[in-house]
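Novice: Structure file data-v7.csv (CSV, C-alpha atoms) right here:
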```
chain,number,residue,atom,x,y,z
A,1344,MET,CA,0.0,0.0,0.0
A,1345,LYS,CA,2.9,2.4,0.8
A,1346,LYS,CA,4.3,1.7,-2.6
A,1347,VAL,CA,1.0,2.7,-4.2
A,1348,ILE,CA,0.9,5.9,-2.2
A,1349,ASP,CA,4.4,6.8,-3.2
A,1350,GLU,CA,3.7,6.2,-6.9
A,1351,ILE,CA,0.6,8.5,-6.7
A,1352,LEU,CA,2.7,11.2,-5.0
A,1353,GLU,CA,5.4,10.9,-7.6
A,1354,GLU,CA,2.8,10.8,-10.4
A,1355,GLU,CA,4.0,7.4,-11.6
A,1356,TYR,CA,0.9,5.5,-10.6
A,1357,SER,CA,-0.8,3.6,-13.5
A,1358,PHE,CA,-4.6,3.9,-13.2
A,1359,ALA,CA,-4.9,1.4,-16.0
A,1360,ARG,CA,-3.1,-1.1,-13.9
A,1361,ASP,CA,-5.3,-0.3,-11.0
A,1362,GLU,CA,-8.4,-0.9,-13.0
A,1363,GLU,CA,-7.0,-4.2,-14.2
A,1364,LEU,CA,-6.2,-5.3,-10.6
A,1365,ARG,CA,-9.7,-4.3,-9.5
A,1366,GLU,CA,-11.3,-6.3,-12.3
A,1367,ARG,CA,-9.2,-9.4,-11.5
A,1368,ASN,CA,-9.3,-9.0,-7.7
A,1369,PRO,CA,-12.4,-7.0,-6.8
A,1370,LEU,CA,-13.3,-6.2,-3.2
A,1371,SER,CA,-16.8,-6.8,-2.0
A,1372,PHE,CA,-18.6,-6.0,1.2
A,1373,SER,CA,-21.0,-7.9,3.5
A,1374,CYS,CA,-23.7,-5.4,2.5
A,1375,ASP,CA,-24.3,-3.2,-0.6
A,1376,ARG,CA,-25.6,-0.4,1.7
A,1377,ILE,CA,-25.5,0.2,5.4
A,1378,GLU,CA,-29.0,0.5,6.7
A,1379,GLY,CA,-30.2,0.7,10.3
A,1380,VAL,CA,-32.5,2.3,12.9
A,1381,VAL,CA,-31.2,4.4,15.8
A,1382,SER,CA,-33.1,6.0,18.7
A,1383,ALA,CA,-33.0,9.7,18.8
A,1384,HIS,CA,-29.9,11.1,20.6
A,1385,GLN,CA,-28.4,7.6,20.8
A,1386,MET,CA,-25.4,5.9,19.1
A,1387,LEU,CA,-25.6,3.2,16.4
A,1388,GLU,CA,-22.5,0.9,16.2
A,1389,GLY,CA,-21.9,-1.7,13.6
A,1390,THR,CA,-19.4,-3.5,11.4
A,1391,VAL,CA,-19.1,-4.1,7.7
A,1392,LEU,CA,-16.9,-7.1,6.5
A,1393,ILE,CA,-14.5,-6.6,3.6
A,1394,LEU,CA,-14.3,-9.6,1.3
A,1395,SER,CA,-11.5,-10.3,-1.2
A,1396,GLY,CA,-11.5,-13.4,-3.4
A,1397,GLY,CA,-8.3,-12.7,-5.3
A,1398,LYS,CA,-4.7,-13.7,-4.7
A,1399,VAL,CA,-3.6,-10.2,-4.0
A,1400,LYS,CA,-3.8,-9.3,-0.3
A,1401,ALA,CA,-6.0,-6.3,0.1
A,1402,GLU,CA,-5.2,-3.3,2.3
A,1403,GLY,CA,-6.3,0.2,2.5
A,1404,PHE,CA,-8.1,3.0,4.3
A,1405,VAL,CA,-11.6,4.0,5.0
A,1406,CYS,CA,-12.9,7.5,5.6
A,1407,SER,CA,-16.1,9.5,5.9
A,1408,THR,CA,-16.8,13.2,5.2
A,1409,ASP,CA,-19.7,13.0,7.7
A,1410,LEU,CA,-18.8,14.1,11.2
A,1411,ARG,CA,-21.6,12.0,12.7
A,1412,MET,CA,-20.2,8.8,11.1
A,1413,ARG,CA,-17.0,7.8,12.9
A,1414,ILE,CA,-14.8,5.1,11.5
A,1415,LEU,CA,-13.4,3.3,14.6
A,1416,SER,CA,-10.5,1.8,12.7
A,1417,ASP,CA,-9.7,3.5,9.5
A,1418,HIS,CA,-7.1,1.0,8.2
A,1419,PHE,CA,-7.7,-2.5,7.0
A,1420,GLY,CA,-5.4,-5.2,5.8
A,1421,PRO,CA,-4.9,-9.0,5.5
A,1422,ASP,CA,-5.3,-9.5,9.2
A,1423,PHE,CA,-8.2,-7.2,9.8
A,1424,MET,CA,-10.8,-7.0,7.0
A,1425,GLU,CA,-13.5,-5.0,8.8
A,1426,ILE,CA,-15.0,-1.5,8.9
A,1427,PRO,CA,-16.2,-0.8,12.4
A,1428,TYR,CA,-18.3,2.4,12.5
A,1429,LEU,CA,-20.3,4.5,15.0
A,1430,LEU,CA,-23.1,6.9,14.1
A,1431,ASP,CA,-23.9,9.6,16.6
A,1432,ALA,CA,-27.6,10.6,16.4
A,1433,THR,CA,-27.3,13.3,19.1
A,1434,GLY,CA,-29.5,16.3,18.2
A,1435,LEU,CA,-31.3,14.5,15.4
A,1436,PRO,CA,-35.1,14.5,15.9
A,1437,PRO,CA,-37.2,11.4,15.4
A,1438,GLY,CA,-38.1,10.9,11.8
A,1439,THR,CA,-34.8,12.0,10.4
A,1440,ILE,CA,-33.2,9.9,7.6
A,1441,HIS,CA,-29.5,10.4,7.7
A,1442,GLU,CA,-27.6,9.4,4.6
A,1443,GLY,CA,-24.0,9.5,3.4
A,1444,LYS,CA,-21.1,7.4,2.0
A,1445,LEU,CA,-18.0,5.6,3.2
A,1446,TYR,CA,-15.0,5.9,1.0
A,1447,ILE,CA,-12.7,2.9,0.7
A,1448,ILE,CA,-9.3,3.5,-0.8
A,1449,SER,CA,-7.2,0.3,-1.3
A,1450,ASN,CA,-4.5,-1.3,-3.3
A,1451,LEU,CA,-7.3,-3.0,-5.3
A,1452,GLY,CA,-9.1,0.2,-6.2
A,1453,GLU,CA,-11.5,2.8,-4.7
A,1454,TYR,CA,-15.0,2.0,-3.6
A,1455,GLU,CA,-18.0,3.8,-2.2
A,1456,LEU,CA,-20.3,2.3,0.4
A,1457,PRO,CA,-23.6,4.3,1.0
A,1458,TYR,CA,-25.5,4.3,4.3
A,1459,ARG,CA,-29.0,5.2,5.3
A,1460,ILE,CA,-29.9,5.5,8.9
A,1461,THR,CA,-33.4,6.2,10.2
A,1462,VAL,CA,-33.9,8.0,13.5
A,1463,GLN,CA,-36.8,7.0,15.6
A,1464,ALA,CA,-38.2,8.0,19.0
A,1465,GLU,CA,-37.7,5.4,21.8
A,1466,ILE,CA,-40.6,5.8,24.2
A,1467,PRO,CA,-39.3,5.2,27.8
A,1468,ALA,CA,-41.0,2.5,29.7
A,1469,SER,CA,-41.8,2.3,33.4
A,1470,SER,CA,-43.7,0.3,36.0
A,1471,MET,CA,-46.8,2.3,35.0
A,1472,GLY,CA,-46.4,1.6,31.3
A,1473,GLU,CA,-45.0,3.9,28.5
A,1474,ILE,CA,-44.2,7.5,29.4
A,1475,LYS,CA,-45.4,9.4,26.4
A,1476,ASN,CA,-45.8,12.9,27.9
A,1477,LEU,CA,-45.1,14.9,31.0
A,1478,PHE,CA,-48.6,14.0,32.4
A,1479,HIS,CA,-47.5,10.4,32.5
A,1480,PHE,CA,-44.2,11.3,34.0
A,1481,THR,CA,-45.8,13.4,36.8
A,1482,ASN,CA,-48.1,10.4,37.7
A,1483,LEU,CA,-45.0,8.2,37.9
A,1484,ALA,CA,-43.2,10.8,40.1
A,1485,GLN,CA,-46.1,10.8,42.5
A,1486,SER,CA,-46.3,7.1,42.9
A,1487,ASN,CA,-42.6,6.2,42.6
A,1488,TRP,CA,-40.2,9.1,43.0
A,1489,LYS,CA,-37.0,7.1,42.7
A,1490,GLU,CA,-38.1,5.4,39.5
A,1491,ALA,CA,-39.0,8.8,38.1
A,1492,VAL,CA,-35.6,10.2,39.0
A,1493,ASP,CA,-33.9,7.3,37.2
A,1494,LEU,CA,-36.1,7.7,34.1
A,1495,PHE,CA,-35.4,11.5,34.1
A,1496,TYR,CA,-31.7,10.9,33.7
A,1497,SER,CA,-32.1,8.0,31.2
A,1498,PRO,CA,-31.1,8.7,27.5
A,1499,GLN,CA,-34.7,8.0,26.4
A,1500,PHE,CA,-36.4,10.8,28.5
A,1501,ILE,CA,-35.6,13.5,26.0
A,1502,ASN,CA,-37.8,11.6,23.5
A,1503,VAL,CA,-40.8,12.5,25.7
A,1504,LEU,CA,-40.0,16.1,25.1
A,1505,GLU,CA,-39.3,15.8,21.4
A,1506,GLU,CA,-42.8,14.5,20.8
A,1507,ASN,CA,-44.9,16.9,22.8
A,1508,HIS,CA,-42.9,19.4,24.8
A,1509,LYS,CA,-40.0,20.8,22.7
A,1510,GLU,CA,-40.1,24.1,24.5
A,1511,PHE,CA,-38.6,22.4,27.6
A,1512,ILE,CA,-35.7,20.6,25.9
A,1513,ASN,CA,-33.1,23.3,26.7
A,1514,LEU,CA,-34.3,23.4,30.3
A,1515,TYR,CA,-34.0,19.6,30.5
A,1516,ARG,CA,-30.5,19.6,29.1
A,1517,GLY,CA,-29.4,22.0,31.7
A,1518,LEU,CA,-31.0,20.3,34.6
A,1519,SER,CA,-29.9,16.7,33.6
A,1520,VAL,CA,-26.2,17.4,33.5
A,1521,HIS,CA,-25.6,16.2,37.1
A,1522,TYR,CA,-26.8,12.6,37.0
A,1523,GLY,CA,-29.1,11.5,39.9
A,1524,ASN,CA,-29.7,15.0,41.4
A,1525,GLU,CA,-33.2,14.8,42.8
A,1526,ARG,CA,-33.5,18.6,43.4
A,1527,ASN,CA,-33.2,19.2,39.6
A,1528,VAL,CA,-36.0,16.8,38.9
A,1529,GLU,CA,-38.1,18.7,41.5
A,1530,ASN,CA,-37.2,22.0,39.9
A,1531,PHE,CA,-38.1,20.7,36.4
A,1532,LEU,CA,-41.6,19.6,37.5
A,1533,VAL,CA,-42.2,22.9,39.2
A,1534,TYR,CA,-41.0,24.9,36.2
A,1535,VAL,CA,-43.2,23.0,33.8
A,1536,LYS,CA,-46.1,23.5,36.2
A,1537,LYS,CA,-46.7,19.9,36.9
A,1538,LYS,CA,-46.4,20.3,40.6
A,1539,THR,CA,-46.2,23.1,43.2
A,1540,VAL,CA,-43.5,23.7,45.7
A,1541,PRO,CA,-44.1,21.8,49.0
A,1542,VAL,CA,-45.2,23.9,52.0
A,1543,TYR,CA,-44.2,23.0,55.5
A,1544,CYS,CA,-45.8,24.1,58.8
A,1545,GLY,CA,-45.5,23.0,62.5
A,1546,GLU,CA,-48.3,21.3,64.3
A,1547,VAL,CA,-48.0,24.2,66.8
A,1548,ASP,CA,-46.9,27.8,66.0
A,1549,GLU,CA,-44.7,28.0,69.1
A,1550,ILE,CA,-43.6,25.9,72.0
A,1551,HIS,CA,-43.8,26.9,75.7
A,1552,LEU,CA,-42.0,24.4,78.1
A,1553,GLU,CA,-42.0,23.9,81.8
A,1554,VAL,CA,-38.7,24.1,83.6
A,1555,PRO,CA,-37.3,20.5,83.6
A,1556,GLY,CA,-35.7,18.9,86.6
A,1557,GLY,CA,-32.8,17.8,84.3
A,1558,ASP,CA,-32.0,17.4,80.7
A,1559,ALA,CA,-35.3,16.6,78.9
A,1560,THR,CA,-36.4,15.6,75.4
A,1561,GLY,CA,-39.4,16.8,73.4
A,1562,GLU,CA,-41.0,16.4,70.0
A,1563,VAL,CA,-42.6,18.7,67.4
A,1564,ARG,CA,-44.4,17.4,64.3
A,1565,ILE,CA,-43.9,19.0,60.9
A,1566,ILE,CA,-46.7,18.8,58.4
A,1567,ARG,CA,-46.0,18.8,54.6
A,1568,GLU,CA,-48.5,20.0,52.0
A,1569,GLY,CA,-47.5,18.6,48.7
A,1570,TRP,CA,-45.2,15.8,47.4
A,1571,GLY,CA,-41.9,15.2,45.7
A,1572,TYR,CA,-38.3,15.9,46.7
A,1573,CYS,CA,-37.6,16.9,50.3
A,1574,ASP,CA,-34.4,18.1,51.8
A,1575,LEU,CA,-35.1,20.1,54.9
A,1576,LYS,CA,-32.1,21.3,57.0
A,1577,ILE,CA,-32.9,21.3,60.8
A,1578,SER,CA,-31.1,23.6,63.2
A,1579,SER,CA,-31.5,25.7,66.4
A,1580,ARG,CA,-29.9,29.1,67.3
A,1581,GLY,CA,-29.8,29.2,71.1
A,1582,GLU,CA,-27.7,27.5,73.7
A,1583,PHE,CA,-30.2,25.4,75.7
A,1584,LEU,CA,-31.9,23.6,72.8
A,1585,GLN,CA,-30.4,20.9,70.6
A,1586,VAL,CA,-32.1,19.2,67.7
A,1587,GLU,CA,-31.2,15.6,67.2
A,1588,GLN,CA,-31.7,15.5,63.4
A,1589,GLU,CA,-29.7,17.4,60.9
A,1590,GLY,CA,-32.4,17.2,58.3
A,1591,LEU,CA,-35.5,15.6,57.0
A,1592,THR,CA,-36.0,13.8,53.7
A,1593,ASP,CA,-39.1,12.2,52.1
A,1594,LYS,CA,-38.3,9.0,53.9
A,1595,ASP,CA,-38.9,10.7,57.3
A,1596,PHE,CA,-42.5,11.6,56.4
A,1597,VAL,CA,-45.2,9.1,57.3
A,1598,GLY,CA,-48.0,10.2,55.2
A,1599,ASN,CA,-47.4,14.0,55.3
A,1600,VAL,CA,-46.1,14.1,58.9
A,1601,ALA,CA,-42.5,14.0,60.2
A,1602,THR,CA,-41.3,14.3,63.8
A,1603,ILE,CA,-38.4,16.4,65.0
A,1604,THR,CA,-36.8,15.4,68.4
A,1605,TYR,CA,-35.1,18.1,70.5
A,1606,LEU,CA,-33.1,18.1,73.8
A,1607,VAL,CA,-33.3,20.8,76.5
A,1608,LYS,CA,-30.1,21.2,78.4
A,1609,ARG,CA,-31.1,22.2,82.0
A,1610,ASP,CA,-27.7,23.6,83.0
A,1611,ARG,CA,-27.8,26.1,80.1
A,1612,LEU,CA,-31.1,27.8,81.3
A,1613,HIS,CA,-30.8,31.1,83.1
A,1614,MET,CA,-33.2,33.0,85.3
A,1615,GLY,CA,-36.1,34.6,83.5
A,1616,ASN,CA,-37.2,34.0,79.9
A,1617,ASN,CA,-35.1,31.6,77.8
A,1618,GLU,CA,-35.8,31.8,74.1
A,1619,ASP,CA,-34.7,29.6,71.1
A,1620,VAL,CA,-36.0,28.6,67.7
A,1621,ILE,CA,-36.2,25.4,65.7
A,1622,ILE,CA,-35.5,26.2,62.0
A,1623,CYS,CA,-36.5,24.0,59.1
A,1624,SER,CA,-35.0,25.4,55.9
A,1625,ASP,CA,-34.7,24.6,52.2
A,1626,ILE,CA,-34.0,26.6,49.1
A,1627,TYR,CA,-37.6,27.9,49.1
A,1628,GLY,CA,-37.6,29.4,52.6
A,1629,ASP,CA,-37.5,28.8,56.4
A,1630,LEU,CA,-40.0,27.5,58.8
A,1631,VAL,CA,-39.3,29.0,62.3
A,1632,ILE,CA,-40.9,27.6,65.5
A,1633,PRO,CA,-40.1,29.6,68.6
A,1634,VAL,CA,-39.3,27.8,71.9
A,1635,SER,CA,-39.5,29.4,75.3
A,1636,ILE,CA,-38.9,28.4,78.9
A,1637,TYR,CA,-39.4,30.8,81.9
A,1638,VAL,CA,-37.3,30.1,84.9
A,1639,ASP,CA,-38.5,31.7,88.2
A,1640,PRO,CA,-35.7,33.1,90.4
A,1641,PRO,CA,-35.0,31.0,93.6
A,1642,VAL,CA,-36.9,32.0,96.8
A,1643,THR,CA,-34.8,32.6,99.9
A,1644,GLU,CA,-35.8,31.5,103.5
A,1645,GLU,CA,-36.2,35.1,104.5
A,1646,GLU,CA,-38.6,35.7,101.6
A,1647,VAL,CA,-40.6,32.6,102.7
A,1648,ASN,CA,-40.8,33.9,106.3
A,1649,ASP,CA,-41.9,37.4,105.1
A,1650,ARG,CA,-44.7,35.9,103.0
A,1651,ARG,CA,-45.8,33.8,106.0
A,1652,GLU,CA,-45.9,36.8,108.3
A,1653,ILE,CA,-47.9,38.9,105.6
A,1654,LEU,CA,-50.4,36.0,105.5
A,1655,ASN,CA,-50.7,36.1,109.3
A,1656,LEU,CA,-51.3,39.9,109.2
A,1657,THR,CA,-54.0,39.4,106.6
A,1658,GLU,CA,-55.7,36.8,108.7
A,1659,LEU,CA,-55.6,39.1,111.8
A,1660,TYR,CA,-57.1,41.9,109.8
A,1661,VAL,CA,-60.0,39.7,108.6
A,1662,ASP,CA,-60.6,38.5,112.2
A,1663,PHE,CA,-60.7,42.1,113.4
A,1664,ARG,CA,-63.1,43.3,110.7
A,1665,THR,CA,-65.4,40.4,111.3
A,1666,GLY,CA,-65.5,41.0,115.0
A,1667,LYS,CA,-63.7,37.9,116.1
A,1668,ILE,CA,-61.0,40.0,118.0
A,1669,GLN,CA,-61.0,43.4,119.6
A,1670,ARG,CA,-59.0,46.4,118.3
A,1671,GLY,CA,-56.5,46.2,121.1
A,1672,GLU,CA,-55.7,42.6,120.5
A,1673,TRP,CA,-55.4,43.2,116.8
A,1674,VAL,CA,-53.0,46.1,117.3
A,1675,LYS,CA,-50.9,44.1,119.8
A,1676,SER,CA,-50.7,41.1,117.5
A,1677,CYS,CA,-49.7,43.1,114.5
A,1678,HIS,CA,-47.1,44.9,116.5
A,1679,ASN,CA,-45.5,41.6,117.5
A,1680,ILE,CA,-45.3,40.5,113.8
A,1681,LEU,CA,-44.1,43.8,112.3
A,1682,THR,CA,-41.4,44.6,114.8
A,1683,PRO,CA,-39.0,41.7,113.7
A,1684,MET,CA,-40.0,42.2,110.0
A,1685,LEU,CA,-38.9,45.9,110.2
A,1686,ALA,CA,-35.7,44.9,112.0
A,1687,ARG,CA,-34.8,42.6,109.2
A,1688,ASN,CA,-35.8,45.0,106.4
A,1689,PRO,CA,-35.7,48.6,107.8
A,1690,ASP,CA,-35.9,50.0,104.2
A,1691,ARG,CA,-39.2,48.3,103.3
A,1692,LEU,CA,-41.6,51.2,103.2
A,1693,ASP,CA,-44.6,48.8,102.7
A,1694,TYR,CA,-44.0,47.4,106.2
```
Write the structure described by the file as structure tokens, please.
Specialist:
Amino acid sequence: MKKVIDEILEEEYSFARDEELRERNPLSFSCDRIEGVVSAHQMLEGTVLILSGGKVKAEGFVCSTDLRMRILSDHFGPDFMEIPYLLDATGLPPGTIHEGKLYIISNLGEYELPYRITVQAEIPASSMGEIKNLFHFTNLAQSNWKEAVDLFYSPQFINVLEENHKEFINLYRGLSVHYGNERNVENFLVYVKKKTVPVYCGEVDEIHLEVPGGDATGEVRIIREGWGYCDLKISSRGEFLQVEQEGLTDKDFVGNVATITYLVKRDRLHMGNNEDVIICSDIYGDLVIPVSIYVDPPVTEEEVNDRREILNLTELYVDFRTGKIQRGEWVKSCHNILTPMLARNPDRLDY
């Protein structure tokens, strides 16, 4: 073969001799024309056999001027008499008939091998049957989210759009780049108006807790309105409250209800009002549930005694007003109570 090429380059090649060799040792192929069917946006791979019945060992090159038709091995010889090819149907809509020719240049002459490939739509199948449009896909997503995600990223899904929803093809191509991303499937369905964004709310608007004797746990239920992908991040802001889950997914919801468990740290509570929040957030917004605990300040023994004496003074006044005791006895008894109280708290004007 090298000798033939050199002769051509040096303009010494005899085309008459080439025609004679071709007539005596013609090449033939396993088919007169390559024909096949390929699904839209898929690849079609095949092989054509080169047959030579003459005594001269055939060798040569194969090429194609069509960028979609790739020749996987462009050289053939006595030990490899095949033409492996790959047609790329990416971007070709269903119904397209793609035609062209392969050019075989050999030491036994030049040949042309035409091809004709038909592009058809491959309708994706599911456990619910064929998915022919976005209405079918939405029904699948409601009943089996994981299967819908797998189908969304399958090569066949774009055929659903080619048939009935061409205006969403660019959107799909952008969202399907990262294989398996469930959030992108959710965003696609929301954008094409086949579902709404899920809304979350707490079973209660706010939580008021009693002061625990030690560390204590509690629960709050989260209610979801809607269906589809769920990726809620759970957090708290204060010091005394800890949430035990970092997030909620669709698996955490039984029906449309999920439970968040939290822990109250008793040693982090201070006197007065303690406030915190439980935050459930996703890309669409935050659900904030306030949590509060009021801790009364400790009562001293002196305060207990003063309260007891004030109660005694009140009882004496009631007895005096109802005639159970005389004025003199009432005044004397009150004096006996107030004298030590004033001694303990001389600045108390109410005494």
Novice: Would you list the contacts of Trp1488 in chain A as an MDAnalysis selection string, taking every protein, DNA or RNA residue within 8 Å and counting all atoms listed in the file, but skipping same-chain residues closer than 4 positions in sequence?
Specialist: chainID A and resid 1483:1484 1492 1571:1572
Novice: Would you pick out the contacts of Pro1436 in chain A at 12 Å or less, using all atoms listed in the file, so that residues sharing its chain but fewer than 6 positions from it are not included, and give the list as a list in words?
Specialist: Val1381, Ser1382, Ala1383, His1384, Gln1385, Thr1461, Val1462, Gln1463, Ala1464, Glu1465, Ile1501, Asn1502, Val1503, Leu1504, Glu1505, Glu1506, Lys1509 and Ile1512 of chain A
Novice: Env of Ile1565 in chain A: 12 Å cut, atoms = all atoms listed in the file, seq-sep filter 6 positions within chain, self excluded. Answer as an mmCIF file with C-alpha atoms, keeping the file's coordinate frame.
Specialist:
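What ended up in around37.cif:
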```cif
data_model
loop_
_atom_site.group_PDB
_atom_site.id
_atom_site.type_symbol
_atom_site.label_atom_id
_atom_site.label_comp_id
_atom_site.auth_asym_id
_atom_site.auth_seq_id
_atom_site.Cartn_x
_atom_site.Cartn_y
_atom_site.Cartn_z
ATOM 1 C CA VAL A 1542 -45.200 23.900 52.000
ATOM 2 C CA TYR A 1543 -44.200 23.000 55.500
ATOM 3 C CA CYS A 1544 -45.800 24.100 58.800
ATOM 4 C CA GLY A 1545 -45.500 23.000 62.500
ATOM 5 C CA GLU A 1546 -48.300 21.300 64.300
ATOM 6 C CA VAL A 1547 -48.000 24.200 66.800
ATOM 7 C CA ASP A 1548 -46.900 27.800 66.000
ATOM 8 C CA LEU A 1575 -35.100 20.100 54.900
ATOM 9 C CA ILE A 1577 -32.900 21.300 60.800
ATOM 10 C CA GLY A 1590 -32.400 17.200 58.300
ATOM 11 C CA LEU A 1591 -35.500 15.600 57.000
ATOM 12 C CA THR A 1592 -36.000 13.800 53.700
ATOM 13 C CA ASP A 1595 -38.900 10.700 57.300
ATOM 14 C CA PHE A 1596 -42.500 11.600 56.400
ATOM 15 C CA VAL A 1597 -45.200 9.100 57.300
ATOM 16 C CA GLY A 1598 -48.000 10.200 55.200
ATOM 17 C CA ASN A 1599 -47.400 14.000 55.300
ATOM 18 C CA VAL A 1600 -46.100 14.100 58.900
ATOM 19 C CA ALA A 1601 -42.500 14.000 60.200
ATOM 20 C CA THR A 1602 -41.300 14.300 63.800
ATOM 21 C CA ILE A 1603 -38.400 16.400 65.000
ATOM 22 C CA THR A 1604 -36.800 15.400 68.400
ATOM 23 C CA ILE A 1621 -36.200 25.400 65.700
ATOM 24 C CA ILE A 1622 -35.500 26.200 62.000
ATOM 25 C CA CYS A 1623 -36.500 24.000 59.100
ATOM 26 C CA LEU A 1630 -40.000 27.500 58.800
ATOM 27 C CA VAL A 1631 -39.300 29.000 62.300
ATOM 28 C CA ILE A 1632 -40.900 27.600 65.500
#
```
Novice: Using only C-alpha atoms, determine which residues lie at most 10 Å from Thr1539 in chain A, disregarding the query and same-chain residues fewer than 3 positions distant; provide the list as a ChimeraX atom specification.
Specialist: /A:1529-1530,1532-1536,1542,1568-1571
Novice: With distances taken over all atoms listed in the file, which residue among A:Ala1686, A:Val1634, A:Glu1402, A:Thr1657 lies nearest Trp1673 in chain A?
Specialist: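 Ranked by minimum distance to Trp1673 in chain A, first place goes to A:Thr1657.
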Novice: Ranking A:Phe1663, A:Phe1404, A:Phe1480, A:Tyr1637 by minimum distance to Glu1455 in chain A and counting all atoms listed in the file, which one comes first?
Specialist: A:Phe1404
Novice: From the options A:Glu1587, A:Glu1453, A:Asp1558, A:Glu1388, which residue's atoms come nearest to Leu1429 in chain A, counting all atoms listed in the file?
Specialist: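 Result for the nearest residue to Leu1429 in chain A: A:Glu1388.
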Novice: Tell me which of A:Ile1393, A:Leu1445, A:Ile1440, A:Val1399 sits closest to Met1412 in chain A, counting all atoms listed in the file.
Specialist: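 The answer is A:Leu1445, which sits nearest to Met1412 in chain A.
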Novice: Which neighbours of range 1394-1396 of chain A fall inside 9 Å, counting all atoms listed in the file, when residues of the same chain fewer than 2 positions from it are skipped, and could you give them as a list in words?
Specialist: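 The residues that qualify are Asn1368, Pro1369, Leu1370, Ser1371, Phe1372, Ser1373, Leu1392, Lys1398, Val1399, Lys1400, Ala1401, Met1424 and Glu1425 of chain A.
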Novice: Between A:Ile1474, A:Ile1414, A:Ile1426, A:Val1380, single out the one closest to His1441 in chain A, counting all atoms listed in the file.
Specialist: A:Val1380
Novice: Anything within 10 Å of (-34.9, 35.0, 83.1): list those residues as a ChimeraX atom specification, counting only C-alpha atoms and sticking to the file's coordinates.
Specialist: /A:1612-1618,1636-1640
Novice: To one decimal place in Å, what is the distance between CA of Leu1584 in chain A and CA of Ile1626 in chain A?
Specialist: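 Between CA of Leu1584 in chain A and CA of Ile1626 in chain A the gap works out to 24.0 Å.
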Novice: Between A:Ser1407, A:Thr1439, A:Leu1656, A:Arg1459, which is the closest to Lys1675 in chain A once you count all atoms listed in the file?
Specialist: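 Checking each candidate against Lys1675 in chain A, we get A:Leu1656 as the closest.
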Novice: Grab the CA of Gly1557 in chain A to CA of Lys1608 in chain A distance for me, in Å with one decimal place.
Specialist: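 Here the two named atoms are 7.3 Å from each other.
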Novice: What does the structure give for the distance between CA of Ile1448 in chain A and CA of Gly1403 in chain A, in Å to one decimal?
Specialist: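 Value for the CA of Ile1448 in chain A-CA of Gly1403 in chain A distance: 5.5 Å.
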Novice: Take the point (-44.6, 16.2, 37.8) in the file's coordinates, draw a sphere of radius 6 Å around it, and report as a PyMOL selection string every protein, DNA or RNA residue with an atom inside or on it, counting all atoms listed in the file.
Specialist: chain A and resi 1481+1532+1537-1538
Novice: Taking all listed atoms of range 1431-1450 of chain A, build the axis-aligned box, pad each of the six sides by 3 Å, then write its centre and edge lengths in Å to one decimal as lines of an AutoDock Vina configuration file.
Specialist:
```
center_x = -21.3
center_y = 7.5
center_z = 7.9
size_x = 39.6
size_y = 23.6
size_z = 28.4
```
